[in-house]
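Dropping protein_28.txt in here (compact mmCIF, C-alpha atoms and all ligand atoms):
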```txt
# COMPACT_ATOMS: atom_id res chain seq x y z
CA MET A 82 13.97 35.72 21.88
CA LYS A 83 11.63 38.69 21.70
CA MET A 84 9.25 38.37 18.76
CA GLU A 85 8.29 41.48 16.86
CA TYR A 86 4.66 41.80 15.72
CA VAL A 87 4.00 43.75 12.52
CA ASP A 88 0.40 44.47 11.58
CA LEU A 89 -0.03 44.79 7.79
CA ARG A 90 -3.75 43.97 7.73
CA ASP A 91 -5.10 47.29 6.52
CA GLU A 92 -1.83 48.87 5.58
CA TYR A 93 -1.98 50.77 2.31
CA ASP A 94 1.78 50.96 2.26
CA ILE A 95 3.42 47.72 3.36
CA LYS A 96 6.93 48.77 2.30
CA GLU A 97 8.28 49.66 5.73
CA GLY A 98 7.12 46.42 7.35
CA ILE A 99 8.37 44.31 4.43
CA LYS A 100 11.76 46.02 4.52
CA LYS A 101 12.21 45.18 8.19
CA ALA A 102 11.13 41.58 7.66
CA ALA A 103 13.43 41.16 4.65
CA GLY A 104 16.30 42.49 6.76
CA ILE A 105 15.70 39.67 9.25
CA ILE A 106 15.61 37.03 6.49
CA LYS A 107 18.85 38.38 4.98
CA LYS A 108 20.55 38.18 8.37
CA GLY A 109 19.53 34.54 8.79
CA GLY A 110 16.52 35.06 11.07
CA LEU A 111 12.95 33.71 11.10
CA VAL A 112 9.84 35.58 9.96
CA ALA A 113 6.30 34.16 9.97
CA PHE A 114 4.18 35.59 7.16
CA PRO A 115 0.77 35.08 5.55
CA THR A 116 0.26 33.18 2.31
CA GLU A 117 -3.05 32.43 0.60
CA THR A 118 -3.00 28.86 1.98
CA VAL A 119 -1.69 29.04 5.57
CA TYR A 120 0.90 31.13 7.43
CA GLY A 121 4.50 30.14 6.68
CA LEU A 122 7.61 30.29 8.86
CA GLY A 123 10.29 31.71 6.58
CA ALA A 124 14.07 31.71 6.47
CA ASN A 125 16.66 32.10 3.70
CA GLY A 126 16.30 28.71 2.00
CA LEU A 127 19.87 28.79 0.67
CA ASP A 128 21.46 29.54 4.05
CA GLU A 129 22.57 26.36 5.80
CA ASN A 130 22.79 28.17 9.10
CA ALA A 131 19.34 29.75 8.92
CA VAL A 132 17.33 26.68 7.85
CA PRO A 133 18.00 24.60 11.01
CA LYS A 134 16.42 27.38 13.08
CA ILE A 135 13.09 26.61 11.39
CA TYR A 136 13.29 22.98 12.49
CA GLU A 137 14.20 24.01 16.00
CA ALA A 138 11.42 26.60 16.40
CA LYS A 139 8.77 24.15 15.14
CA GLY A 140 10.18 21.03 16.79
CA ARG A 141 10.14 19.51 13.30
CA PRO A 142 11.91 16.23 12.44
CA SER A 143 14.96 17.07 10.32
CA ASP A 144 14.10 14.56 7.55
CA ASN A 145 10.98 16.52 6.68
CA PRO A 146 11.90 18.78 3.74
CA LEU A 147 10.84 22.41 3.28
CA ILE A 148 9.16 24.21 0.39
CA LEU A 149 11.13 27.00 -1.32
CA HIS A 150 8.95 30.01 -2.09
CA ILE A 151 9.67 32.26 -5.06
CA SER A 152 8.10 35.50 -6.28
CA GLU A 153 8.76 35.31 -10.05
CA PHE A 154 9.05 32.34 -12.37
CA ASP A 155 12.65 33.13 -13.32
CA GLU A 156 13.76 32.55 -9.73
CA ILE A 157 13.14 28.83 -10.16
CA LYS A 158 16.00 28.50 -12.64
CA SER A 159 18.83 28.64 -10.13
CA ILE A 160 17.26 26.17 -7.66
CA VAL A 161 16.32 23.29 -9.99
CA LYS A 162 18.36 21.16 -12.41
CA GLU A 163 15.77 21.07 -15.15
CA ILE A 164 12.25 22.25 -15.80
CA PRO A 165 10.12 19.52 -17.39
CA LYS A 166 7.39 20.56 -19.80
CA THR A 167 4.65 19.57 -17.33
CA ALA A 168 6.15 21.98 -14.81
CA LEU A 169 6.06 24.80 -17.35
CA ILE A 170 2.41 24.14 -18.11
CA LEU A 171 1.45 23.89 -14.42
CA ALA A 172 3.33 27.07 -13.58
CA GLU A 173 1.62 28.89 -16.43
CA GLU A 174 -1.77 27.65 -15.27
CA PHE A 175 -1.56 27.80 -11.47
CA TRP A 176 1.24 30.18 -10.41
CA PRO A 177 1.12 32.33 -8.47
CA GLY A 178 -1.16 30.14 -6.35
CA PRO A 179 -1.63 27.17 -4.04
CA LEU A 180 0.44 24.64 -6.01
CA THR A 181 3.83 23.22 -5.01
CA MET A 182 5.96 21.28 -7.48
CA VAL A 183 8.70 18.80 -6.61
CA LEU A 184 11.64 19.01 -9.04
CA LYS A 185 15.29 17.94 -9.15
CA LYS A 186 17.30 20.31 -6.98
CA SER A 187 20.35 22.24 -8.15
CA ASP A 188 23.61 22.27 -6.20
CA ILE A 189 22.99 25.59 -4.50
CA VAL A 190 20.02 24.18 -2.54
CA PRO A 191 21.37 22.78 0.73
CA PHE A 192 20.39 19.26 1.84
CA ARG A 193 19.31 20.86 5.10
CA THR A 194 16.46 22.45 3.14
CA THR A 195 15.47 19.25 1.30
CA GLY A 196 15.81 16.88 4.25
CA GLY A 197 18.64 15.12 2.43
CA LEU A 198 16.63 14.58 -0.78
CA GLU A 199 17.90 15.23 -4.31
CA SER A 200 14.57 16.94 -5.08
CA VAL A 201 13.22 20.28 -3.97
CA ALA A 202 9.65 21.53 -3.53
CA VAL A 203 8.94 24.96 -5.07
CA ARG A 204 5.92 27.24 -4.81
CA MET A 205 5.05 30.75 -5.96
CA PRO A 206 2.41 32.07 -3.56
CA SER A 207 -0.15 34.63 -4.70
CA ASN A 208 -0.45 36.50 -1.39
CA ASN A 209 0.88 40.00 -1.87
CA ILE A 210 2.74 40.24 1.45
CA ALA A 211 4.41 36.87 0.80
CA ARG A 212 5.56 37.86 -2.68
CA GLU A 213 6.82 41.28 -1.63
CA LEU A 214 8.74 39.69 1.23
CA ILE A 215 10.42 37.17 -1.09
CA LYS A 216 11.24 39.91 -3.58
CA ALA A 217 12.70 42.21 -0.94
CA SER A 218 14.72 39.38 0.61
CA GLY A 219 16.29 38.53 -2.74
CA VAL A 220 16.43 34.80 -1.95
CA PRO A 221 14.02 31.86 -2.16
CA ILE A 222 12.32 31.62 1.23
CA ALA A 223 12.09 28.18 2.81
CA ALA A 224 8.79 28.04 4.67
CA PRO A 225 6.87 25.25 6.30
CA SER A 226 3.55 26.04 7.91
CA ALA A 227 4.16 28.29 10.93
CA ASN A 228 2.77 25.94 13.59
CA SER A 229 4.48 23.81 16.21
CA SER A 230 5.07 20.43 14.60
CA GLY A 231 1.93 18.25 14.85
CA ARG A 232 -0.53 21.08 15.48
CA PRO A 233 -2.99 22.31 12.84
CA SER A 234 -1.45 24.75 10.35
CA PRO A 235 -2.04 28.41 11.28
CA THR A 236 -4.70 30.31 9.37
CA LYS A 237 -4.43 33.49 11.50
CA ALA A 238 -1.51 35.38 13.03
CA SER A 239 -2.90 34.60 16.49
CA HIS A 240 -2.32 30.87 15.83
CA VAL A 241 1.32 31.59 15.01
CA ILE A 242 1.75 33.66 18.15
CA LEU A 243 0.30 30.90 20.33
CA ASP A 244 2.67 28.30 18.86
CA LEU A 245 5.88 30.23 18.23
CA ASP A 246 6.06 33.36 20.42
CA GLY A 247 9.54 33.63 21.86
CA LYS A 248 11.00 31.25 19.26
CA ILE A 249 11.06 33.43 16.13
CA ASP A 250 12.11 37.00 15.26
CA MET A 251 8.94 38.38 13.72
CA VAL A 252 5.36 37.64 12.74
CA ILE A 253 3.59 39.62 10.03
CA ASP A 254 -0.16 39.78 10.54
CA GLY A 255 -1.96 39.81 7.19
CA GLY A 256 -5.35 38.79 8.56
CA ALA A 257 -7.09 35.46 8.08
CA VAL A 258 -5.91 33.47 5.04
CA ASP A 259 -8.13 32.82 2.00
CA ILE A 260 -7.85 29.08 1.47
CA GLY A 261 -7.02 27.55 4.85
CA LEU A 262 -5.49 24.25 3.64
CA GLU A 263 -1.84 23.82 2.63
CA SER A 264 -0.93 23.80 -1.06
CA THR A 265 -1.41 20.85 -3.39
CA ILE A 266 1.96 19.12 -3.88
CA VAL A 267 2.73 17.50 -7.25
CA ASP A 268 5.89 15.54 -7.97
CA VAL A 269 6.88 16.24 -11.59
CA THR A 270 10.23 14.42 -11.54
CA GLY A 271 8.83 11.19 -13.08
CA ASP A 272 6.96 10.32 -16.28
CA VAL A 273 3.52 10.71 -14.74
CA PRO A 274 2.96 13.56 -12.25
CA VAL A 275 1.98 12.35 -8.78
CA ILE A 276 -0.10 14.23 -6.21
CA LEU A 277 1.71 13.90 -2.88
CA ARG A 278 -0.66 16.13 -0.91
CA PRO A 279 -4.17 17.13 -2.02
CA GLY A 280 -5.18 20.78 -1.75
CA PHE A 281 -7.21 23.55 -3.32
CA ILE A 282 -5.86 22.68 -6.79
CA THR A 283 -7.68 19.40 -7.36
CA GLU A 284 -6.80 16.30 -9.37
CA GLU A 285 -9.43 17.34 -11.92
CA MET A 286 -7.88 20.78 -12.36
CA LEU A 287 -4.42 19.26 -12.81
CA SER A 288 -5.63 16.63 -15.31
CA GLU A 289 -7.35 19.26 -17.33
CA ALA A 290 -4.02 21.04 -17.75
CA ILE A 291 -1.60 18.11 -18.17
CA GLY A 292 -3.57 14.91 -18.73
CA ARG A 293 -3.06 11.88 -16.53
CA VAL A 294 -1.99 12.40 -12.93
CA GLU A 295 -1.63 9.84 -10.18
CA ILE A 296 -2.28 10.12 -6.47
CA ASP A 297 0.26 8.77 -4.00
CA GLU A 298 -1.10 5.46 -2.63
CA VAL A 299 -0.75 6.59 0.97
CA VAL A 300 -2.88 9.65 0.34
CA LYS A 301 -5.69 7.47 -1.01
CA SER A 302 -5.60 5.00 1.85
CA LEU A 303 -7.96 5.19 4.81
CA SER A 304 -6.06 2.92 7.15
CA PRO A 305 -2.47 3.78 6.36
CA ASP A 306 -0.29 0.73 6.11
CA LYS A 307 2.67 1.16 8.43
CA ASP A 308 4.98 -0.21 5.71
CA LEU A 309 3.75 2.08 2.98
CA LYS A 310 5.83 5.24 2.94
CA PRO A 311 4.31 8.48 1.67
CA LYS A 312 6.44 10.24 -0.95
CA ALA A 313 6.09 13.56 0.87
CA PRO A 314 7.93 12.75 4.11
CA GLY A 315 5.75 15.18 6.09
CA MET A 316 2.61 13.21 5.28
CA LYS A 317 3.71 10.38 7.57
CA TYR A 318 3.69 12.36 10.77
CA ARG A 319 0.81 12.64 13.20
CA HIS A 320 -0.75 15.92 12.31
CA TYR A 321 -3.54 18.33 13.16
CA ALA A 322 -4.68 16.23 16.09
CA PRO A 323 -6.64 17.94 18.86
CA LYS A 324 -5.89 16.70 22.39
CA GLY A 325 -9.32 15.08 22.74
CA ARG A 326 -10.16 11.78 21.06
CA MET A 327 -11.77 12.54 17.73
CA THR A 328 -13.98 10.31 15.57
CA ILE A 329 -15.42 11.05 12.12
CA TYR A 330 -18.94 9.91 11.28
CA LYS A 331 -19.69 9.42 7.60
CA GLY A 332 -23.14 8.93 6.11
CA LYS A 333 -26.36 10.78 5.47
CA PRO A 334 -26.32 14.01 7.54
CA GLU A 335 -29.60 13.15 9.35
CA ARG A 336 -28.25 9.75 10.37
CA VAL A 337 -24.93 11.25 11.41
CA VAL A 338 -26.68 13.76 13.68
CA GLU A 339 -28.71 10.97 15.31
CA ARG A 340 -25.70 8.78 15.85
CA ILE A 341 -23.50 11.53 17.23
CA ASN A 342 -26.24 12.53 19.68
CA GLU A 343 -26.41 8.89 20.84
CA GLU A 344 -22.67 8.92 21.41
CA ILE A 345 -22.86 12.23 23.26
CA ALA A 346 -25.47 10.74 25.58
CA LYS A 347 -23.04 7.89 26.33
CA SER A 348 -20.21 10.32 27.14
CA ALA A 349 -21.67 11.74 30.36
CA GLY A 350 -19.05 13.30 32.60
CA LYS A 351 -16.74 14.12 29.67
CA LYS A 352 -16.50 17.43 27.88
CA THR A 353 -18.01 16.74 24.44
CA ALA A 354 -17.62 18.71 21.23
CA VAL A 355 -18.93 18.44 17.69
CA LEU A 356 -17.46 19.62 14.40
CA ALA A 357 -20.69 20.52 12.66
CA THR A 358 -22.05 22.49 9.72
CA ASP A 359 -24.52 25.37 9.45
CA GLU A 360 -27.20 22.89 8.40
CA THR A 361 -26.82 20.68 11.49
CA LYS A 362 -25.31 22.72 14.33
CA MET A 363 -28.63 23.41 16.06
CA TYR A 364 -29.40 19.71 16.54
CA TYR A 365 -26.47 18.68 18.72
CA LYS A 366 -26.62 18.30 22.48
CA ALA A 367 -22.87 18.57 23.06
CA ASP A 368 -21.04 20.96 25.42
CA VAL A 369 -19.43 22.72 22.47
CA VAL A 370 -20.60 22.81 18.84
CA ILE A 371 -18.43 24.44 16.20
CA SER A 372 -19.70 24.94 12.66
CA VAL A 373 -17.17 25.14 9.85
CA GLY A 374 -19.76 26.60 7.46
CA SER A 375 -22.35 25.35 5.04
CA ARG A 376 -22.18 21.92 3.40
CA GLU A 377 -22.89 23.76 0.16
CA ASP A 378 -19.71 25.78 0.54
CA GLY A 379 -16.57 23.63 0.55
CA GLU A 380 -14.34 26.69 0.49
CA SER A 381 -15.75 27.87 3.79
CA ILE A 382 -15.18 24.42 5.32
CA ALA A 383 -11.56 24.47 4.14
CA ARG A 384 -11.04 27.99 5.48
CA ASN A 385 -12.45 27.26 8.96
CA LEU A 386 -11.25 23.70 9.57
CA PHE A 387 -7.89 24.30 11.27
CA ASP A 388 -9.23 27.11 13.44
CA ALA A 389 -12.03 24.78 14.59
CA LEU A 390 -9.53 22.03 15.46
CA ARG A 391 -7.53 24.49 17.54
CA ARG A 392 -10.66 25.71 19.31
CA PHE A 393 -11.38 22.19 20.54
CA ASP A 394 -8.17 22.38 22.53
CA ASP A 395 -8.96 25.90 23.78
CA VAL A 396 -12.24 24.70 25.29
CA GLY A 397 -10.70 21.50 26.67
CA ALA A 398 -12.82 19.10 24.59
CA GLU A 399 -12.23 15.49 25.70
CA VAL A 400 -14.35 13.66 23.12
CA ILE A 401 -14.84 15.13 19.67
CA PHE A 402 -17.38 14.00 17.07
CA ALA A 403 -16.86 15.23 13.53
CA GLU A 404 -19.19 15.10 10.57
CA GLY A 405 -17.65 13.72 7.39
CA PHE A 406 -17.84 15.50 4.03
CA ASP A 407 -18.10 14.48 0.40
CA GLU A 408 -14.71 13.44 -0.85
CA ASN A 409 -14.76 14.81 -4.34
CA ARG A 410 -12.76 17.80 -5.53
CA LEU A 411 -11.89 20.15 -2.65
CA GLY A 412 -13.61 17.68 -0.31
CA PHE A 413 -10.77 15.24 -0.96
CA ALA A 414 -8.26 17.66 0.57
CA ILE A 415 -10.59 18.55 3.44
CA MET A 416 -11.12 14.88 4.32
CA ASN A 417 -7.38 14.15 3.97
CA ARG A 418 -6.70 16.63 6.79
CA LEU A 419 -9.69 15.53 8.84
CA HIS A 420 -8.72 11.84 8.61
CA LYS A 421 -5.28 12.64 9.96
CA SER A 422 -6.57 14.78 12.78
CA ALA A 423 -8.87 11.94 13.85
CA GLY A 424 -6.01 9.44 13.63
CA TYR A 425 -8.17 7.59 11.03
CA ASN A 426 -10.95 6.86 13.57
CA ILE A 427 -13.79 6.66 11.09
CA ILE A 428 -17.30 5.27 11.51
CA MET A 429 -19.40 4.59 8.41
CA ILE A 430 -23.11 4.81 9.09
CA LYS A 431 -25.24 2.60 6.86
CA GLU A 432 -28.72 3.70 5.82
O1 LIG A 501 0.68 25.88 1.50
C1 LIG A 501 1.79 25.47 1.81
O2 LIG A 501 2.40 24.61 1.13
C2 LIG A 501 2.42 26.03 3.08
C3 LIG A 501 2.71 27.51 2.85
C4 LIG A 501 3.48 28.14 3.97
O3 LIG A 501 3.37 27.69 1.63
N1 LIG A 501 3.61 25.32 3.42
C5 LIG A 501 3.58 24.05 3.92
O4 LIG A 501 4.82 23.54 4.23
O5 LIG A 501 2.55 23.43 4.08
P1 LIG A 501 5.01 22.24 5.16
O6 LIG A 501 6.45 22.19 5.42
O7 LIG A 501 4.14 22.33 6.33
O8 LIG A 501 4.63 21.06 4.24
C6 LIG A 501 5.50 20.71 3.18
C7 LIG A 501 5.24 19.32 2.73
C8 LIG A 501 5.74 18.27 3.72
O9 LIG A 501 4.80 17.21 3.78
C9 LIG A 501 7.04 17.81 3.08
O10 LIG A 501 7.36 16.50 3.45
C10 LIG A 501 6.73 17.94 1.60
O11 LIG A 501 6.00 19.12 1.53
N2 LIG A 501 7.95 18.11 0.78
C11 LIG A 501 8.81 19.15 0.80
N3 LIG A 501 9.84 18.93 -0.05
C12 LIG A 501 9.62 17.75 -0.63
C13 LIG A 501 10.32 16.96 -1.60
N4 LIG A 501 11.47 17.36 -2.11
N5 LIG A 501 9.80 15.77 -1.96
C14 LIG A 501 8.62 15.34 -1.42
N6 LIG A 501 7.91 16.05 -0.50
C15 LIG A 501 8.40 17.22 -0.11
MG MG A 502 3.04 21.76 7.94
```
Would it be possible to restate this file's structure as structure tokens?
Amino acid sequence: MKMEYVDLRDEYDIKEGIKKAAGIIKKGGLVAFPTETVYGLGANGLDENAVPKIYEAKGRPSDNPLILHISEFDEIKSIVKEIPKTALILAEEFWPGPLTMVLKKSDIVPFRTTGGLESVAVRMPSNNIARELIKASGVPIAAPSANSSGRPSPTKASHVILDLDGKIDMVIDGGAVDIGLESTIVDVTGDVPVILRPGFITEEMLSEAIGRVEIDEVVKSLSPDKDLKPKAPGMKYRHYAPKGRMTIYKGKPERVVERINEEIAKSAGKKTAVLATDETKMYYKADVVISVGSREDGESIARNLFDALRRFDDVGAEVIFAEGFDENRLGFAIMNRLHKSAGYNIIMIKE
């Protein structure tokens, strides 16, 4: 399949490009597009024949449900059975934006979209291209992250092209994304809302709006119990992992630098790489050192993380040492992704 590339990065008028893309969605095709979190791979979420193409292009297990993206609040009404009060408050507070809510699905949402579940995940993105595309398509767009299954989510159009060229109809380039981590997912079908995937919208922000929220046990755990099933099916899969063996070192930054340099010295003959920060990058003696930004700036770390993980593969890193970050607020989402990419190889460094 020949993939069309549409550049809407500096376009004052995006109408023409959006019209073309919407035409593909309406005909049951696949379009990758930017959102504020990561790039999504979109298809008509109500079309049982279009949705399987997403799974095929990504190599995604078919029990892993998709998020339906809407452009206006009213569009939620036809795809869910009921809208609990918590959902109304969260929508008012955080939509459009990086929050996904799990609700009871209506009959028009195919089980192919929900991986066989009776619930459906819904999000209203804030990215302008995403919203215009949904509007012009006239249907909720089912869109997982636009990466090959298991790879880090794409934060630039070039990531999408590397993973999916030849497998999809079109990619819209909207430049690098703002946030860089996938949306926070909250299940609002029960009495107490549960965070199934941490993201830019933190537990604190949610509690402030709706009171008590819980976090799915599996998300909190550092050595995931094989018997414990995450409530978001996608959270159980190996994800974000670079090809090299990666280990996270947690502790005081000075001690972490020392320890990683010791490990680098022991890795002679192997291509070594470090996931570092602006404060520490100059101290490492590895073959490749990639900084994800300043420790003072969690948003920069979030934005650069997936690109850094992909670059380790590009340079052929065999052993990767990653600094750990504080796990409060946005740091909780950052470390959730980092733990997965390291396959939970974590070393705690005592004083
Ligand atoms: O930021 C995002 O959410 C991006 C952009 C494109 O919007 N999308 C994204 O989709 O990250 P995906 O498919 O890569 O991740 C969706 C996650 C998966 O872990 C999936 O299992 C979970 O959402 N999910 C979807 N529907 C669900 C449902 N009904 N119940 C529980 N989890 C669900
Ligand atoms: Mg994904």
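For the pair atom CA of Leu180 of chain A and atom CA of Glu163 of chain A, the separation is 18.2 Å.
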Selection: 7 Å around Asn125 of chain A, all atoms listed in the file, excl. self and same-chain fewer than 5 positions, as a ChimeraX atom specification | /A:106-107,109,131-132,220-223
Give me, as a PDB file with C-alpha atoms, in the frame of the given file, the set of residues whose atoms come within 10 Å of any atom of ligand MG 502 (chain A), counting only C-alpha atoms and all ligand atoms.
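As a result, part14.pdb now contains:
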```pdb
ATOM      1  CA  VAL A 119      -1.690  29.040   5.570  1.00  0.00           C
ATOM      2  CA  TYR A 120       0.900  31.130   7.430  1.00  0.00           C
ATOM      3  CA  GLY A 121       4.500  30.140   6.680  1.00  0.00           C
ATOM      4  CA  LEU A 122       7.610  30.290   8.860  1.00  0.00           C
ATOM      5  CA  LYS A 139       8.770  24.150  15.140  1.00  0.00           C
ATOM      6  CA  ARG A 141      10.140  19.510  13.300  1.00  0.00           C
ATOM      7  CA  ASN A 145      10.980  16.520   6.680  1.00  0.00           C
ATOM      8  CA  LEU A 147      10.840  22.410   3.280  1.00  0.00           C
ATOM      9  CA  ALA A 224       8.790  28.040   4.670  1.00  0.00           C
ATOM     10  CA  PRO A 225       6.870  25.250   6.300  1.00  0.00           C
ATOM     11  CA  SER A 226       3.550  26.040   7.910  1.00  0.00           C
ATOM     12  CA  ALA A 227       4.160  28.290  10.930  1.00  0.00           C
ATOM     13  CA  ASN A 228       2.770  25.940  13.590  1.00  0.00           C
ATOM     14  CA  SER A 229       4.480  23.810  16.210  1.00  0.00           C
ATOM     15  CA  SER A 230       5.070  20.430  14.600  1.00  0.00           C
ATOM     16  CA  GLY A 231       1.930  18.250  14.850  1.00  0.00           C
ATOM     17  CA  ARG A 232      -0.530  21.080  15.480  1.00  0.00           C
ATOM     18  CA  PRO A 233      -2.990  22.310  12.840  1.00  0.00           C
ATOM     19  CA  SER A 234      -1.450  24.750  10.350  1.00  0.00           C
ATOM     20  CA  PRO A 235      -2.040  28.410  11.280  1.00  0.00           C
ATOM     21  CA  LEU A 262      -5.490  24.250   3.640  1.00  0.00           C
ATOM     22  CA  GLU A 263      -1.840  23.820   2.630  1.00  0.00           C
ATOM     23  CA  GLY A 315       5.750  15.180   6.090  1.00  0.00           C
ATOM     24  CA  MET A 316       2.610  13.210   5.280  1.00  0.00           C
ATOM     25  CA  TYR A 318       3.690  12.360  10.770  1.00  0.00           C
ATOM     26  CA  HIS A 320      -0.750  15.920  12.310  1.00  0.00           C
ATOM     27  CA  TYR A 321      -3.540  18.330  13.160  1.00  0.00           C
TER      28      TYR A 321
END
```
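Residues of protein, DNA and RNA with at least one atom no farther than 7 Å from (10.2, 39.5, 15.3) are, using all atoms listed in the file, Lys83, Met84, Glu85, Tyr86, Val112, Ile249, Asp250, Met251 and Val252 of chain A.
Distances here use only C-alpha atoms; by that measure, the residue among A:Ala349, A:Ala113, A:Leu184, A:Ile170 closest to Ser288 of chain A is A:Ile170.
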List the neighbours of Asp407 of chain A out to 12 Å using only C-alpha atoms; skip same-chain residues closer than 6 positions along the sequence, and give me the result as a PyMOL selection string.
-> chain A and resi 330-334+376-379+382+413-417+419
Using only C-alpha atoms, please write the residues we just selected to a file, as an mmCIF file, in the coordinates of the input.
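File out_38.cif, as written:
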```cif
data_model
loop_
_atom_site.group_PDB
_atom_site.id
_atom_site.type_symbol
_atom_site.label_atom_id
_atom_site.label_comp_id
_atom_site.auth_asym_id
_atom_site.auth_seq_id
_atom_site.Cartn_x
_atom_site.Cartn_y
_atom_site.Cartn_z
ATOM 1 C CA TYR A 330 -18.940 9.910 11.280
ATOM 2 C CA LYS A 331 -19.690 9.420 7.600
ATOM 3 C CA GLY A 332 -23.140 8.930 6.110
ATOM 4 C CA LYS A 333 -26.360 10.780 5.470
ATOM 5 C CA PRO A 334 -26.320 14.010 7.540
ATOM 6 C CA ARG A 376 -22.180 21.920 3.400
ATOM 7 C CA GLU A 377 -22.890 23.760 0.160
ATOM 8 C CA ASP A 378 -19.710 25.780 0.540
ATOM 9 C CA GLY A 379 -16.570 23.630 0.550
ATOM 10 C CA ILE A 382 -15.180 24.420 5.320
ATOM 11 C CA PHE A 413 -10.770 15.240 -0.960
ATOM 12 C CA ALA A 414 -8.260 17.660 0.570
ATOM 13 C CA ILE A 415 -10.590 18.550 3.440
ATOM 14 C CA MET A 416 -11.120 14.880 4.320
ATOM 15 C CA ASN A 417 -7.380 14.150 3.970
ATOM 16 C CA LEU A 419 -9.690 15.530 8.840
#
```
Could you tell me, as an MDAnalysis selection string, which residues have any atom at most 12 Å from (-6.9, 19.2, -8.8), counting all atoms listed in the file?
-> chainID A and resid 171 174:175 179:180 264:267 274:296 409:414
Selected residue of minimal separation from ligand LIG 501 (chain A) among A:His150, A:Arg392, A:Lys362, A:Lys301, counting all atoms listed in the file = A:His150
Produce a table with one row for each residue of segment 239-343 of chain A that has an atom at most 9 Å from any atom of segment 388-391 of chain A, each row naming the nearest atom pair and its distance in Å at one decimal; use all atoms listed in the file; arrange rows by chain and rising residue number; format as JSON lines.
```
{"residue": "A:His240", "atom": "CA", "partner": "A:Asp388", "partner_atom": "CA", "distance": 8.2}
{"residue": "A:Gly261", "atom": "CA", "partner": "A:Asp388", "partner_atom": "CA", "distance": 8.9}
{"residue": "A:Tyr321", "atom": "CA", "partner": "A:Leu390", "partner_atom": "CA", "distance": 7.4}
{"residue": "A:Ala322", "atom": "CA", "partner": "A:Leu390", "partner_atom": "CA", "distance": 7.6}
{"residue": "A:Pro323", "atom": "CA", "partner": "A:Leu390", "partner_atom": "CA", "distance": 6.1}
```
Taking C-alpha atoms for each residue, export the selection above as a tab-separated table (two decimals), keeping the file's coordinate frame.
```tsv
chain	number	residue	atom	x	y	z
A	240	HIS	CA	-2.32	30.87	15.83
A	261	GLY	CA	-7.02	27.55	4.85
A	321	TYR	CA	-3.54	18.33	13.16
A	322	ALA	CA	-4.68	16.23	16.09
A	323	PRO	CA	-6.64	17.94	18.86
```
Given the choices A:Glu380, A:Ile428, A:Ser372, A:Glu153, which gets closest to Glu344 of chain A if the distance is worked out from all atoms listed in the file?
-> A:Ile428
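Among the candidates A:Phe406, A:Trp176, A:Phe393, A:Phe114, the one nearest to ligand LIG 501 (chain A) when counting only C-alpha atoms and all ligand atoms is A:Phe114.
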Test item: residues at most 7 Å from Val203 of chain A, all atoms listed in the file, excluding those fewer than 3 positions along its chain, as a PDB file with C-alpha atoms, keeping the file's coordinate frame:
```pdb
ATOM      1  CA  ILE A 148       9.160  24.210   0.390  1.00  0.00           C
ATOM      2  CA  LEU A 149      11.130  27.000  -1.320  1.00  0.00           C
ATOM      3  CA  HIS A 150       8.950  30.010  -2.090  1.00  0.00           C
ATOM      4  CA  THR A 181       3.830  23.220  -5.010  1.00  0.00           C
ATOM      5  CA  MET A 182       5.960  21.280  -7.480  1.00  0.00           C
ATOM      6  CA  VAL A 183       8.700  18.800  -6.610  1.00  0.00           C
TER       7      VAL A 183
END
```
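The nearest approach to ligand LIG 501 (chain A) among the residues A:Ile157, A:Ala313, A:Ile371, A:Ile253, with all atoms listed in the file taken into account, belongs to A:Ala313.
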